[in-house]
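Asks: Structure: coords36.txt, compact mmCIF, all heavy atoms.
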# COMPACT_ATOMS: atom_id res chain seq x y z
N MET O 1 -9.28 10.37 14.73
CA MET O 1 -8.03 10.53 15.43
C MET O 1 -7.68 12.01 15.48
O MET O 1 -7.78 12.72 14.49
CB MET O 1 -6.94 9.75 14.70
CG MET O 1 -5.63 9.77 15.40
SD MET O 1 -4.61 8.48 14.68
CE MET O 1 -3.08 9.31 14.63
N ASN O 2 -7.27 12.49 16.64
CA ASN O 2 -6.91 13.88 16.80
C ASN O 2 -5.51 14.15 16.27
O ASN O 2 -4.62 13.33 16.42
CB ASN O 2 -6.94 14.28 18.28
CG ASN O 2 -8.33 14.25 18.85
OD1 ASN O 2 -9.30 14.38 18.13
ND2 ASN O 2 -8.43 14.09 20.14
N THR O 3 -5.33 15.32 15.68
CA THR O 3 -3.99 15.72 15.26
C THR O 3 -3.32 16.45 16.42
O THR O 3 -3.97 16.84 17.38
CB THR O 3 -4.05 16.65 14.03
OG1 THR O 3 -4.72 17.86 14.41
CG2 THR O 3 -4.75 15.99 12.86
N ASN O 4 -2.02 16.63 16.31
CA ASN O 4 -1.29 17.34 17.36
C ASN O 4 -1.86 18.72 17.60
O ASN O 4 -1.95 19.17 18.73
CB ASN O 4 0.19 17.45 17.00
CG ASN O 4 0.90 16.12 17.07
OD1 ASN O 4 0.47 15.23 17.78
ND2 ASN O 4 1.97 16.00 16.33
N SER O 5 -2.23 19.41 16.53
CA SER O 5 -2.73 20.77 16.71
C SER O 5 -4.08 20.79 17.42
O SER O 5 -4.38 21.73 18.14
CB SER O 5 -2.82 21.49 15.36
OG SER O 5 -3.67 20.81 14.49
N GLU O 6 -4.89 19.74 17.25
CA GLU O 6 -6.17 19.67 17.95
C GLU O 6 -5.96 19.41 19.44
O GLU O 6 -6.72 19.91 20.26
CB GLU O 6 -7.05 18.58 17.36
CG GLU O 6 -7.54 18.90 15.97
CD GLU O 6 -8.26 17.73 15.33
OE1 GLU O 6 -8.02 16.57 15.70
OE2 GLU O 6 -9.08 17.99 14.43
N VAL O 7 -4.95 18.66 19.77
CA VAL O 7 -4.69 18.31 21.16
C VAL O 7 -3.90 19.41 21.86
O VAL O 7 -4.23 19.82 22.97
CB VAL O 7 -3.93 16.96 21.26
CG1 VAL O 7 -3.54 16.67 22.70
CG2 VAL O 7 -4.79 15.84 20.70
N LEU O 8 -2.86 19.89 21.22
CA LEU O 8 -1.95 20.86 21.83
C LEU O 8 -2.29 22.31 21.54
O LEU O 8 -1.85 23.19 22.25
CB LEU O 8 -0.52 20.61 21.33
CG LEU O 8 0.09 19.26 21.62
CD1 LEU O 8 1.40 19.11 20.87
CD2 LEU O 8 0.29 19.07 23.10
N GLY O 9 -3.02 22.54 20.49
CA GLY O 9 -3.21 23.90 19.98
C GLY O 9 -2.21 24.12 18.86
O GLY O 9 -1.08 23.63 18.92
N SER O 10 -2.61 24.81 17.83
CA SER O 10 -1.77 24.93 16.64
C SER O 10 -0.46 25.66 16.92
O SER O 10 0.58 25.29 16.38
CB SER O 10 -2.54 25.59 15.50
OG SER O 10 -3.01 26.86 15.91
N ALA O 11 -0.47 26.68 17.76
CA ALA O 11 0.76 27.42 18.05
C ALA O 11 1.76 26.52 18.77
O ALA O 11 2.95 26.51 18.45
CB ALA O 11 0.46 28.66 18.87
N ARG O 12 1.29 25.75 19.75
CA ARG O 12 2.18 24.86 20.50
C ARG O 12 2.71 23.75 19.60
O ARG O 12 3.89 23.40 19.66
CB ARG O 12 1.43 24.26 21.70
CG ARG O 12 2.26 23.35 22.54
CD ARG O 12 3.37 24.09 23.28
NE ARG O 12 4.08 23.14 24.12
CZ ARG O 12 5.39 23.12 24.25
NH1 ARG O 12 6.13 24.02 23.66
NH2 ARG O 12 5.97 22.22 25.01
N ALA O 13 1.86 23.19 18.75
CA ALA O 13 2.30 22.13 17.83
C ALA O 13 3.36 22.68 16.87
O ALA O 13 4.35 22.00 16.59
CB ALA O 13 1.11 21.57 17.07
N ALA O 14 3.17 23.89 16.39
CA ALA O 14 4.16 24.50 15.49
C ALA O 14 5.47 24.74 16.23
O ALA O 14 6.55 24.48 15.68
CB ALA O 14 3.61 25.80 14.92
N ASP O 15 5.40 25.22 17.46
CA ASP O 15 6.61 25.42 18.26
C ASP O 15 7.37 24.11 18.45
O ASP O 15 8.60 24.07 18.35
CB ASP O 15 6.27 26.00 19.63
CG ASP O 15 5.83 27.45 19.57
OD1 ASP O 15 6.05 28.11 18.53
OD2 ASP O 15 5.26 27.92 20.58
N LEU O 16 6.64 23.04 18.73
CA LEU O 16 7.28 21.73 18.90
C LEU O 16 7.92 21.23 17.61
O LEU O 16 9.01 20.65 17.63
CB LEU O 16 6.27 20.70 19.42
CG LEU O 16 5.87 20.86 20.88
CD1 LEU O 16 4.73 19.90 21.22
CD2 LEU O 16 7.06 20.62 21.79
N ALA O 17 7.25 21.47 16.49
CA ALA O 17 7.82 21.05 15.20
C ALA O 17 9.13 21.77 14.92
O ALA O 17 10.10 21.16 14.47
CB ALA O 17 6.81 21.31 14.08
N VAL O 18 9.17 23.06 15.21
CA VAL O 18 10.41 23.84 15.02
C VAL O 18 11.49 23.34 15.97
O VAL O 18 12.65 23.16 15.58
CB VAL O 18 10.14 25.34 15.21
CG1 VAL O 18 11.44 26.13 15.25
CG2 VAL O 18 9.22 25.86 14.12
N TRP O 19 11.13 23.08 17.21
CA TRP O 19 12.08 22.59 18.21
C TRP O 19 12.67 21.25 17.78
O TRP O 19 13.88 21.04 17.85
CB TRP O 19 11.36 22.47 19.56
CG TRP O 19 12.21 21.97 20.68
CD1 TRP O 19 13.30 22.60 21.24
CD2 TRP O 19 12.05 20.74 21.38
NE1 TRP O 19 13.80 21.83 22.25
CE2 TRP O 19 13.06 20.68 22.37
CE3 TRP O 19 11.13 19.70 21.28
CZ2 TRP O 19 13.18 19.61 23.23
CZ3 TRP O 19 11.27 18.63 22.16
CH2 TRP O 19 12.27 18.60 23.12
N ILE O 20 11.83 20.35 17.30
CA ILE O 20 12.30 19.04 16.83
C ILE O 20 13.22 19.21 15.63
O ILE O 20 14.28 18.57 15.54
CB ILE O 20 11.11 18.11 16.51
CG1 ILE O 20 10.35 17.76 17.80
CG2 ILE O 20 11.57 16.86 15.78
CD1 ILE O 20 9.00 17.12 17.56
N ALA O 21 12.85 20.06 14.69
CA ALA O 21 13.67 20.29 13.51
C ALA O 21 15.05 20.83 13.91
O ALA O 21 16.07 20.41 13.35
CB ALA O 21 12.98 21.26 12.56
N ASP O 22 15.07 21.71 14.89
CA ASP O 22 16.35 22.26 15.36
C ASP O 22 17.22 21.20 16.05
O ASP O 22 18.44 21.28 15.99
CB ASP O 22 16.11 23.42 16.33
CG ASP O 22 15.59 24.66 15.64
OD1 ASP O 22 15.69 24.76 14.40
OD2 ASP O 22 15.09 25.56 16.36
N MET O 23 16.60 20.21 16.67
CA MET O 23 17.35 19.16 17.35
C MET O 23 18.04 18.22 16.36
O MET O 23 19.06 17.61 16.68
CB MET O 23 16.43 18.32 18.25
CG MET O 23 16.03 19.03 19.51
SD MET O 23 15.00 18.09 20.67
CE MET O 23 14.83 16.47 20.05
N PHE O 24 17.49 18.09 15.16
CA PHE O 24 18.00 17.15 14.17
C PHE O 24 18.22 17.85 12.82
O PHE O 24 17.56 17.54 11.83
CB PHE O 24 17.02 15.98 13.99
CG PHE O 24 16.74 15.24 15.27
CD1 PHE O 24 15.59 15.48 15.98
CD2 PHE O 24 17.65 14.31 15.76
CE1 PHE O 24 15.32 14.81 17.16
CE2 PHE O 24 17.40 13.62 16.93
CZ PHE O 24 16.23 13.87 17.65
N PRO O 25 19.16 18.77 12.77
CA PRO O 25 19.33 19.59 11.55
C PRO O 25 19.80 18.79 10.32
O PRO O 25 19.58 19.24 9.20
CB PRO O 25 20.37 20.62 11.95
CG PRO O 25 21.12 20.00 13.07
CD PRO O 25 20.12 19.14 13.80
N ASN O 26 20.41 17.65 10.51
CA ASN O 26 20.93 16.88 9.38
C ASN O 26 19.98 15.81 8.87
O ASN O 26 20.30 15.08 7.94
CB ASN O 26 22.27 16.23 9.76
CG ASN O 26 23.31 17.28 10.06
OD1 ASN O 26 23.36 18.31 9.41
ND2 ASN O 26 24.11 17.03 11.07
N ARG O 27 18.81 15.69 9.46
CA ARG O 27 17.84 14.68 9.05
C ARG O 27 16.93 15.28 7.97
O ARG O 27 15.93 15.92 8.27
CB ARG O 27 17.00 14.22 10.24
CG ARG O 27 17.81 13.66 11.41
CD ARG O 27 18.42 12.30 11.12
NE ARG O 27 17.46 11.30 10.76
CZ ARG O 27 16.85 10.47 11.60
NH1 ARG O 27 17.12 10.51 12.88
NH2 ARG O 27 16.00 9.58 11.16
N GLU O 28 17.31 15.08 6.72
CA GLU O 28 16.61 15.72 5.60
C GLU O 28 15.15 15.31 5.50
O GLU O 28 14.28 16.16 5.27
CB GLU O 28 17.34 15.43 4.29
CG GLU O 28 18.69 16.11 4.22
CD GLU O 28 19.41 15.80 2.93
OE1 GLU O 28 18.73 15.56 1.91
OE2 GLU O 28 20.65 15.79 2.94
N PHE O 29 14.86 14.02 5.65
CA PHE O 29 13.47 13.57 5.54
C PHE O 29 12.62 14.21 6.65
O PHE O 29 11.52 14.69 6.40
CB PHE O 29 13.39 12.05 5.62
CG PHE O 29 11.98 11.52 5.53
CD1 PHE O 29 11.31 11.51 4.31
CD2 PHE O 29 11.32 11.06 6.65
CE1 PHE O 29 10.00 11.04 4.22
CE2 PHE O 29 10.02 10.59 6.57
CZ PHE O 29 9.36 10.58 5.36
N LEU O 30 13.15 14.21 7.86
CA LEU O 30 12.43 14.83 8.98
C LEU O 30 12.21 16.31 8.72
O LEU O 30 11.10 16.82 8.93
CB LEU O 30 13.24 14.63 10.27
CG LEU O 30 12.67 15.29 11.53
CD1 LEU O 30 11.33 14.68 11.91
CD2 LEU O 30 13.66 15.15 12.68
N GLN O 31 13.23 16.99 8.25
CA GLN O 31 13.10 18.42 7.96
C GLN O 31 12.02 18.67 6.90
O GLN O 31 11.21 19.58 7.05
CB GLN O 31 14.45 18.99 7.46
CG GLN O 31 15.56 18.94 8.47
CD GLN O 31 15.35 19.92 9.61
OE1 GLN O 31 14.80 20.99 9.44
NE2 GLN O 31 15.80 19.53 10.79
N THR O 32 12.00 17.84 5.88
CA THR O 32 11.01 17.98 4.82
C THR O 32 9.59 17.79 5.35
O THR O 32 8.69 18.57 5.06
CB THR O 32 11.28 16.96 3.69
OG1 THR O 32 12.59 17.20 3.18
CG2 THR O 32 10.25 17.08 2.58
N ARG O 33 9.41 16.75 6.16
CA ARG O 33 8.08 16.48 6.72
C ARG O 33 7.63 17.58 7.67
O ARG O 33 6.47 17.98 7.67
CB ARG O 33 8.07 15.13 7.44
CG ARG O 33 8.28 13.92 6.54
CD ARG O 33 7.18 13.79 5.53
NE ARG O 33 5.91 13.68 6.19
CZ ARG O 33 4.98 12.78 5.96
NH1 ARG O 33 5.16 11.91 5.01
NH2 ARG O 33 3.87 12.77 6.63
N LEU O 34 8.54 18.06 8.49
CA LEU O 34 8.17 19.12 9.43
C LEU O 34 7.86 20.43 8.70
O LEU O 34 6.94 21.14 9.06
CB LEU O 34 9.28 19.33 10.46
CG LEU O 34 9.42 18.20 11.47
CD1 LEU O 34 10.65 18.41 12.34
CD2 LEU O 34 8.18 18.06 12.34
N ARG O 35 8.62 20.74 7.65
CA ARG O 35 8.31 21.93 6.84
C ARG O 35 6.92 21.81 6.24
O ARG O 35 6.15 22.77 6.25
CB ARG O 35 9.35 22.10 5.73
CG ARG O 35 10.32 23.21 6.01
CD ARG O 35 11.25 23.48 4.84
NE ARG O 35 12.54 22.87 5.16
CZ ARG O 35 13.07 21.84 4.52
NH1 ARG O 35 12.47 21.30 3.49
NH2 ARG O 35 14.23 21.34 4.89
N ALA O 36 6.59 20.64 5.72
CA ALA O 36 5.26 20.42 5.14
C ALA O 36 4.18 20.58 6.21
O ALA O 36 3.13 21.18 5.96
CB ALA O 36 5.18 19.04 4.50
N TYR O 37 4.44 20.05 7.41
CA TYR O 37 3.47 20.18 8.50
C TYR O 37 3.27 21.65 8.86
O TYR O 37 2.14 22.11 9.02
CB TYR O 37 3.95 19.41 9.74
CG TYR O 37 3.08 19.69 10.94
CD1 TYR O 37 1.84 19.07 11.07
CD2 TYR O 37 3.47 20.60 11.91
CE1 TYR O 37 1.02 19.35 12.15
CE2 TYR O 37 2.65 20.88 12.98
CZ TYR O 37 1.43 20.27 13.10
OH TYR O 37 0.62 20.55 14.15
N LEU O 38 4.37 22.39 8.97
CA LEU O 38 4.26 23.80 9.34
C LEU O 38 3.52 24.60 8.27
O LEU O 38 2.72 25.48 8.60
CB LEU O 38 5.65 24.39 9.60
CG LEU O 38 6.32 23.89 10.88
CD1 LEU O 38 7.78 24.33 10.90
CD2 LEU O 38 5.58 24.35 12.11
N GLU O 39 3.77 24.29 7.01
CA GLU O 39 3.05 24.97 5.93
C GLU O 39 1.57 24.67 5.97
O GLU O 39 0.73 25.56 5.80
CB GLU O 39 3.64 24.59 4.58
CG GLU O 39 5.02 25.17 4.36
CD GLU O 39 5.70 24.61 3.13
OE1 GLU O 39 5.10 23.78 2.40
OE2 GLU O 39 6.86 24.99 2.90
N SER O 40 1.21 23.41 6.23
CA SER O 40 -0.21 23.05 6.30
C SER O 40 -0.85 23.66 7.54
O SER O 40 -2.01 24.08 7.50
CB SER O 40 -0.40 21.54 6.27
OG SER O 40 0.08 20.95 7.45
N ALA O 41 -0.10 23.73 8.63
CA ALA O 41 -0.63 24.35 9.85
C ALA O 41 -0.87 25.84 9.63
O ALA O 41 -1.88 26.39 10.08
CB ALA O 41 0.32 24.13 11.01
N ASP O 42 0.05 26.50 8.90
CA ASP O 42 -0.14 27.92 8.59
C ASP O 42 -1.38 28.13 7.73
O ASP O 42 -2.15 29.06 7.94
CB ASP O 42 1.08 28.49 7.86
CG ASP O 42 2.26 28.72 8.78
OD1 ASP O 42 2.06 28.75 10.01
OD2 ASP O 42 3.39 28.87 8.25
N SER O 43 -1.58 27.25 6.75
CA SER O 43 -2.75 27.35 5.88
C SER O 43 -4.04 27.16 6.68
O SER O 43 -5.01 27.88 6.49
CB SER O 43 -2.70 26.30 4.78
OG SER O 43 -1.60 26.53 3.95
N ALA O 44 -4.03 26.20 7.58
CA ALA O 44 -5.21 25.93 8.39
C ALA O 44 -5.50 27.11 9.32
O ALA O 44 -6.65 27.49 9.51
CB ALA O 44 -5.02 24.66 9.21
N THR O 45 -4.47 27.73 9.85
CA THR O 45 -4.64 28.89 10.73
C THR O 45 -5.24 30.04 9.94
O THR O 45 -6.14 30.72 10.42
CB THR O 45 -3.30 29.31 11.36
OG1 THR O 45 -2.78 28.22 12.09
CG2 THR O 45 -3.47 30.50 12.28
N ASP O 46 -4.75 30.26 8.72
CA ASP O 46 -5.29 31.33 7.88
C ASP O 46 -6.76 31.08 7.58
O ASP O 46 -7.57 32.01 7.62
CB ASP O 46 -4.50 31.43 6.56
CG ASP O 46 -3.11 31.98 6.75
OD1 ASP O 46 -2.85 32.58 7.83
OD2 ASP O 46 -2.28 31.80 5.85
N GLU O 47 -7.13 29.83 7.30
CA GLU O 47 -8.52 29.52 7.01
C GLU O 47 -9.40 29.74 8.24
O GLU O 47 -10.51 30.24 8.12
CB GLU O 47 -8.65 28.06 6.54
CG GLU O 47 -8.07 27.83 5.16
CD GLU O 47 -8.06 26.37 4.78
OE1 GLU O 47 -8.68 25.56 5.49
OE2 GLU O 47 -7.43 26.04 3.77
N GLU O 48 -8.90 29.38 9.43
CA GLU O 48 -9.67 29.58 10.66
C GLU O 48 -9.94 31.06 10.90
O GLU O 48 -11.03 31.45 11.28
CB GLU O 48 -8.92 29.01 11.86
CG GLU O 48 -8.86 27.50 11.90
CD GLU O 48 -7.98 26.98 13.03
OE1 GLU O 48 -7.58 27.79 13.88
OE2 GLU O 48 -7.71 25.77 13.03
N VAL O 49 -8.96 31.90 10.64
CA VAL O 49 -9.11 33.34 10.84
C VAL O 49 -10.15 33.90 9.89
O VAL O 49 -10.99 34.71 10.27
CB VAL O 49 -7.75 34.06 10.65
CG1 VAL O 49 -7.93 35.56 10.61
CG2 VAL O 49 -6.78 33.66 11.75
N HIS O 50 -10.16 33.42 8.65
CA HIS O 50 -11.11 33.92 7.66
C HIS O 50 -12.51 33.38 7.87
O HIS O 50 -13.47 33.98 7.42
CB HIS O 50 -10.63 33.59 6.25
CG HIS O 50 -9.36 34.30 5.89
ND1 HIS O 50 -9.27 35.67 5.79
CD2 HIS O 50 -8.11 33.84 5.65
CE1 HIS O 50 -8.04 36.02 5.48
NE2 HIS O 50 -7.32 34.91 5.40
N ASP O 51 -12.65 32.26 8.58
CA ASP O 51 -13.97 31.68 8.82
C ASP O 51 -14.76 32.46 9.86
O ASP O 51 -15.96 32.39 9.91
CB ASP O 51 -13.86 30.23 9.27
CG ASP O 51 -13.50 29.30 8.11
OD1 ASP O 51 -13.65 29.74 6.96
OD2 ASP O 51 -13.09 28.17 8.36
N GLU O 52 -14.08 33.22 10.71
CA GLU O 52 -14.76 33.91 11.80
C GLU O 52 -15.47 35.13 11.38
O GLU O 52 -15.53 35.79 10.55
CB GLU O 52 -13.77 34.25 12.91
CG GLU O 52 -13.24 33.01 13.57
CD GLU O 52 -12.23 33.35 14.65
OE1 GLU O 52 -11.97 34.52 14.92
OE2 GLU O 52 -11.68 32.42 15.22
Let me see the structure of the file written as structure tokens.
Replies:
Amino acid sequence: MNTNSEVLGSARAADLAVWIADMFPNREFLQTRLRAYLESADSATDEEVHDE
């Protein structure tokens, strides 16, 4: 199964995650999950840069 970042590109997926988080600022569970996604996306981006 493809992840959002594989389909959309990691920068676009991260932008969408931030946009969604901004739309629902009081949803703590959603905010927590999106923060975790963004942190994992940042880690994956760092690993991709170092692999080249």
Asks: Between atom N of O:Phe24 and atom N of O:Ser43, what is the distance, to one decimal in Å?
Replies: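 Pair atom N of O:Phe24 / atom N of O:Ser43 returns 22.8 Å.
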Asks: List every protein, DNA or RNA residue that has an atom no more than 12 Å from (10.5, 21.4, 16.5) in the file's coordinate frame, counting only C-alpha atoms, and report them as a list in words.
Replies: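 The answer, in the requested form, is Ala11, Arg12, Ala13, Ala14, Asp15, Leu16, Ala17, Val18, Trp19, Ile20, Ala21, Asp22, Met23, Phe24, Pro25, Leu30, Gln31, Arg33, Leu34, Arg35, Tyr37 and Leu38 of chain O.
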Asks: Mind pulling up the distance from atom O of O:Glu28 to atom CA of O:Ser40?
Replies: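 Computing the Euclidean distance for atom CA of O:Ser40 and atom O of O:Glu28 yields 16.1 Å.
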Asks: Can you measure atom O of O:Gly9 to atom ND2 of O:Asn26 for me? One decimal in Å is fine.
Replies: 27.2 Å
Asks: Calculate, to one decimal in Å, the centre and edge lengths of the box along x, y and z of the file that holds all listed atoms of stretch 18-21 of chain O with 6 Å of margin on each side, and present them as JSON.
Replies:
{"center_x": 12.5, "center_y": 21.5, "center_z": 17.9, "size_x": 19.1, "size_y": 21.3, "size_z": 22.7}
